[in-house]
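Novice: Here it is, the structure, as structure tokens.
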Amino acid sequence: MPMEGELGRLAPCSSLAVDSVLRVGTAGAIWGLCAAPYDARKQGLTGFSHAAFVARSIGGYGFQCGLVAAIFTSTRCGLQRYRRKDDLVNALVAGAVAGATVAAGTRNLKQVVGTTCLVSAFSTAADYFRTM
């Protein structure tokens, strides 16, 4: 994907963040659309409560995924421009920041550390395989 690398050098970080929010947020909403009806049936919801649960789930999944994408992309782009290097360190740090930010709402140190490590590892792996 050489075009993506060129875009990263030409486009401002805010534009890249908006693009990633739209893409990943949409994927999260689609995931919510697929998972929520099953969860609603599992909870025994019917009628309006079922529809409201599905709508809230779609919005929640979309928002959470979009938030992680925005934090990750903004941090990665900012680090890349600050360091003037496009390497795995940017993805590693950006994944850690995104994971820690999202997990901080739990106020549970074990979950924050675990999510930070998990998102950081996946982000670094994805960035590594993107450059291959």
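All residue names refer to the structure tokens as shown: chains lettered A, B, ... in order, residues numbered from 1 in each chain, ligands numbered from 1 in order.
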Determine, counting only C-alpha atoms, which protein, DNA and RNA residues have an atom within 9 Å of an atom of A:Gly114; residues of the same chain fewer than 5 positions away are not included. Present the result as a VMD selection string.
Specialist: chain A and resid 99 to 100 103 109 119
Novice: Residues at most 10 Å from A:Ala121, counting only C-alpha atoms, excluding those fewer than 2 positions away in the same chain, as a PDB file with N, CA and C atoms, in the first residue's frame?
Specialist:
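out.pdb, written as the output of this step:
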ATOM      1  N   ALA A  91       3.712   2.827  16.372  1.00  0.00           N
ATOM      2  CA  ALA A  91       2.535   1.988  16.574  1.00  0.00           C
ATOM      3  C   ALA A  91       2.502   1.408  17.980  1.00  0.00           C
ATOM      4  N   LEU A  92       3.658   1.025  18.500  1.00  0.00           N
ATOM      5  CA  LEU A  92       3.735   0.464  19.844  1.00  0.00           C
ATOM      6  C   LEU A  92       3.255   1.473  20.891  1.00  0.00           C
ATOM      7  N   VAL A  93       3.772   2.679  20.815  1.00  0.00           N
ATOM      8  CA  VAL A  93       3.399   3.724  21.780  1.00  0.00           C
ATOM      9  C   VAL A  93       1.943   4.150  21.578  1.00  0.00           C
ATOM     10  N   GLY A  95      -0.519   2.436  20.336  1.00  0.00           N
ATOM     11  CA  GLY A  95      -1.396   1.372  20.826  1.00  0.00           C
ATOM     12  C   GLY A  95      -1.489   1.369  22.338  1.00  0.00           C
ATOM     13  N   ALA A  96      -0.367   1.615  22.992  1.00  0.00           N
ATOM     14  CA  ALA A  96      -0.369   1.677  24.459  1.00  0.00           C
ATOM     15  C   ALA A  96      -1.213   2.846  24.955  1.00  0.00           C
ATOM     16  N   THR A 115      -5.150  -4.231  28.954  1.00  0.00           N
ATOM     17  CA  THR A 115      -5.645  -3.630  27.713  1.00  0.00           C
ATOM     18  C   THR A 115      -4.550  -2.847  27.017  1.00  0.00           C
ATOM     19  N   THR A 116      -3.741  -2.144  27.793  1.00  0.00           N
ATOM     20  CA  THR A 116      -2.624  -1.394  27.215  1.00  0.00           C
ATOM     21  C   THR A 116      -1.682  -2.323  26.460  1.00  0.00           C
ATOM     22  N   CYS A 117      -1.313  -3.412  27.087  1.00  0.00           N
ATOM     23  CA  CYS A 117      -0.399  -4.371  26.446  1.00  0.00           C
ATOM     24  C   CYS A 117      -1.041  -5.027  25.227  1.00  0.00           C
ATOM     25  N   LEU A 118      -2.297  -5.401  25.356  1.00  0.00           N
ATOM     26  CA  LEU A 118      -2.985  -6.083  24.263  1.00  0.00           C
ATOM     27  C   LEU A 118      -3.131  -5.184  23.040  1.00  0.00           C
ATOM     28  N   VAL A 119      -3.624  -3.972  23.238  1.00  0.00           N
ATOM     29  CA  VAL A 119      -3.817  -3.054  22.107  1.00  0.00           C
ATOM     30  C   VAL A 119      -2.466  -2.674  21.508  1.00  0.00           C
ATOM     31  N   SER A 123      -1.527  -3.501  17.703  1.00  0.00           N
ATOM     32  CA  SER A 123      -1.213  -2.356  16.855  1.00  0.00           C
ATOM     33  C   SER A 123       0.153  -2.503  16.203  1.00  0.00           C
ATOM     34  N   THR A 124       1.111  -2.954  16.988  1.00  0.00           N
ATOM     35  CA  THR A 124       2.460  -3.147  16.455  1.00  0.00           C
ATOM     36  C   THR A 124       2.470  -4.256  15.409  1.00  0.00           C
ATOM     37  N   ALA A 125       1.773  -5.347  15.681  1.00  0.00           N
ATOM     38  CA  ALA A 125       1.706  -6.444  14.715  1.00  0.00           C
ATOM     39  C   ALA A 125       1.024  -5.995  13.425  1.00  0.00           C
ATOM     40  N   ALA A 126      -0.072  -5.266  13.556  1.00  0.00           N
ATOM     41  CA  ALA A 126      -0.772  -4.776  12.360  1.00  0.00           C
ATOM     42  C   ALA A 126       0.104  -3.827  11.567  1.00  0.00           C
ATOM     43  N   ASP A 127       0.834  -2.961  12.253  1.00  0.00           N
ATOM     44  CA  ASP A 127       1.714  -2.022  11.569  1.00  0.00           C
ATOM     45  C   ASP A 127       2.862  -2.770  10.897  1.00  0.00           C
TER      46      ASP A 127
END
Novice: Rank A:Thr73, A:Gln64, A:Asp86, A:Val112 by their smallest atom-to-atom distance to A:Thr26, using only C-alpha atoms, and report the top residue only.
Specialist: A:Gln64
Novice: Neighbouring residues of A:Ala51 were defined as those with any atom within 12 Å, considering only C-alpha atoms; residues of the same chain fewer than 6 positions away were excluded. Please report them as number ranges by chain.
Specialist: A: 33, 36-41, 45, 57-58
Novice: Restrict the selected residues to all heavy atoms and save them as a PDB file, in the first residue's frame.
Specialist:
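Saved result, result_24.pdb, follows:
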ATOM      1  N   LEU A  33     -24.377  -4.240  15.253  1.00  0.00           N
ATOM      2  CA  LEU A  33     -25.576  -4.674  14.545  1.00  0.00           C
ATOM      3  C   LEU A  33     -25.656  -6.192  14.480  1.00  0.00           C
ATOM      4  O   LEU A  33     -26.743  -6.767  14.529  1.00  0.00           O
ATOM      5  CB  LEU A  33     -25.581  -4.081  13.127  1.00  0.00           C
ATOM      6  CG  LEU A  33     -26.784  -4.378  12.252  1.00  0.00           C
ATOM      7  CD1 LEU A  33     -28.044  -3.787  12.870  1.00  0.00           C
ATOM      8  CD2 LEU A  33     -26.571  -3.814  10.859  1.00  0.00           C
ATOM      9  N   ALA A  36     -25.623  -7.434  18.791  1.00  0.00           N
ATOM     10  CA  ALA A  36     -26.657  -6.958  19.709  1.00  0.00           C
ATOM     11  C   ALA A  36     -27.948  -7.776  19.669  1.00  0.00           C
ATOM     12  O   ALA A  36     -28.517  -8.047  20.737  1.00  0.00           O
ATOM     13  CB  ALA A  36     -26.940  -5.486  19.461  1.00  0.00           C
ATOM     14  N   PRO A  37     -28.463  -8.157  18.506  1.00  0.00           N
ATOM     15  CA  PRO A  37     -29.695  -8.962  18.540  1.00  0.00           C
ATOM     16  C   PRO A  37     -29.530 -10.280  19.306  1.00  0.00           C
ATOM     17  O   PRO A  37     -30.433 -10.693  20.038  1.00  0.00           O
ATOM     18  CB  PRO A  37     -29.990  -9.223  17.051  1.00  0.00           C
ATOM     19  CG  PRO A  37     -29.343  -8.093  16.345  1.00  0.00           C
ATOM     20  CD  PRO A  37     -28.104  -7.786  17.144  1.00  0.00           C
ATOM     21  N   TYR A  38     -28.384 -10.907  19.164  1.00  0.00           N
ATOM     22  CA  TYR A  38     -28.113 -12.136  19.912  1.00  0.00           C
ATOM     23  C   TYR A  38     -28.104 -11.852  21.414  1.00  0.00           C
ATOM     24  O   TYR A  38     -28.722 -12.587  22.197  1.00  0.00           O
ATOM     25  CB  TYR A  38     -26.775 -12.730  19.462  1.00  0.00           C
ATOM     26  CG  TYR A  38     -26.330 -13.887  20.311  1.00  0.00           C
ATOM     27  CD1 TYR A  38     -26.900 -15.144  20.164  1.00  0.00           C
ATOM     28  CD2 TYR A  38     -25.348 -13.717  21.282  1.00  0.00           C
ATOM     29  CE1 TYR A  38     -26.496 -16.206  20.947  1.00  0.00           C
ATOM     30  CE2 TYR A  38     -24.937 -14.773  22.071  1.00  0.00           C
ATOM     31  CZ  TYR A  38     -25.510 -16.015  21.904  1.00  0.00           C
ATOM     32  OH  TYR A  38     -25.106 -17.064  22.690  1.00  0.00           O
ATOM     33  N   ASP A  39     -27.398 -10.790  21.808  1.00  0.00           N
ATOM     34  CA  ASP A  39     -27.339 -10.444  23.233  1.00  0.00           C
ATOM     35  C   ASP A  39     -28.715 -10.079  23.774  1.00  0.00           C
ATOM     36  O   ASP A  39     -29.050 -10.420  24.912  1.00  0.00           O
ATOM     37  CB  ASP A  39     -26.368  -9.283  23.457  1.00  0.00           C
ATOM     38  CG  ASP A  39     -24.924  -9.662  23.188  1.00  0.00           C
ATOM     39  OD1 ASP A  39     -24.600 -10.874  23.234  1.00  0.00           O
ATOM     40  OD2 ASP A  39     -24.108  -8.755  22.938  1.00  0.00           O
ATOM     41  N   ALA A  40     -29.517  -9.386  22.970  1.00  0.00           N
ATOM     42  CA  ALA A  40     -30.859  -9.001  23.413  1.00  0.00           C
ATOM     43  C   ALA A  40     -31.737 -10.232  23.611  1.00  0.00           C
ATOM     44  O   ALA A  40     -32.487 -10.318  24.593  1.00  0.00           O
ATOM     45  CB  ALA A  40     -31.485  -8.046  22.400  1.00  0.00           C
ATOM     46  N   ARG A  41     -31.657 -11.177  22.692  1.00  0.00           N
ATOM     47  CA  ARG A  41     -32.438 -12.415  22.842  1.00  0.00           C
ATOM     48  C   ARG A  41     -31.962 -13.207  24.056  1.00  0.00           C
ATOM     49  O   ARG A  41     -32.762 -13.796  24.781  1.00  0.00           O
ATOM     50  CB  ARG A  41     -32.324 -13.271  21.578  1.00  0.00           C
ATOM     51  CG  ARG A  41     -33.275 -12.882  20.482  1.00  0.00           C
ATOM     52  CD  ARG A  41     -33.346 -13.928  19.376  1.00  0.00           C
ATOM     53  NE  ARG A  41     -32.048 -14.237  18.777  1.00  0.00           N
ATOM     54  CZ  ARG A  41     -31.474 -13.522  17.813  1.00  0.00           C
ATOM     55  NH1 ARG A  41     -32.067 -12.445  17.346  1.00  0.00           N
ATOM     56  NH2 ARG A  41     -30.306 -13.899  17.317  1.00  0.00           N
ATOM     57  N   LEU A  45     -35.074  -9.960  25.988  1.00  0.00           N
ATOM     58  CA  LEU A  45     -35.735  -8.714  25.607  1.00  0.00           C
ATOM     59  C   LEU A  45     -36.601  -8.927  24.365  1.00  0.00           C
ATOM     60  O   LEU A  45     -36.239  -9.683  23.464  1.00  0.00           O
ATOM     61  CB  LEU A  45     -34.702  -7.622  25.328  1.00  0.00           C
ATOM     62  CG  LEU A  45     -33.769  -7.280  26.497  1.00  0.00           C
ATOM     63  CD1 LEU A  45     -32.715  -6.274  26.041  1.00  0.00           C
ATOM     64  CD2 LEU A  45     -34.561  -6.710  27.662  1.00  0.00           C
ATOM     65  N   SER A  57     -26.540  -0.549  21.571  1.00  0.00           N
ATOM     66  CA  SER A  57     -25.341  -1.360  21.333  1.00  0.00           C
ATOM     67  C   SER A  57     -24.623  -0.923  20.058  1.00  0.00           C
ATOM     68  O   SER A  57     -23.387  -0.832  20.042  1.00  0.00           O
ATOM     69  CB  SER A  57     -25.707  -2.838  21.236  1.00  0.00           C
ATOM     70  OG  SER A  57     -26.198  -3.300  22.469  1.00  0.00           O
ATOM     71  N   ILE A  58     -25.366  -0.660  19.012  1.00  0.00           N
ATOM     72  CA  ILE A  58     -24.762  -0.210  17.759  1.00  0.00           C
ATOM     73  C   ILE A  58     -24.005   1.094  17.995  1.00  0.00           C
ATOM     74  O   ILE A  58     -22.850   1.238  17.596  1.00  0.00           O
ATOM     75  CB  ILE A  58     -25.831  -0.045  16.662  1.00  0.00           C
ATOM     76  CG1 ILE A  58     -26.378  -1.404  16.239  1.00  0.00           C
ATOM     77  CG2 ILE A  58     -25.268   0.709  15.458  1.00  0.00           C
ATOM     78  CD1 ILE A  58     -27.600  -1.317  15.349  1.00  0.00           C
TER      79      ILE A  58
END
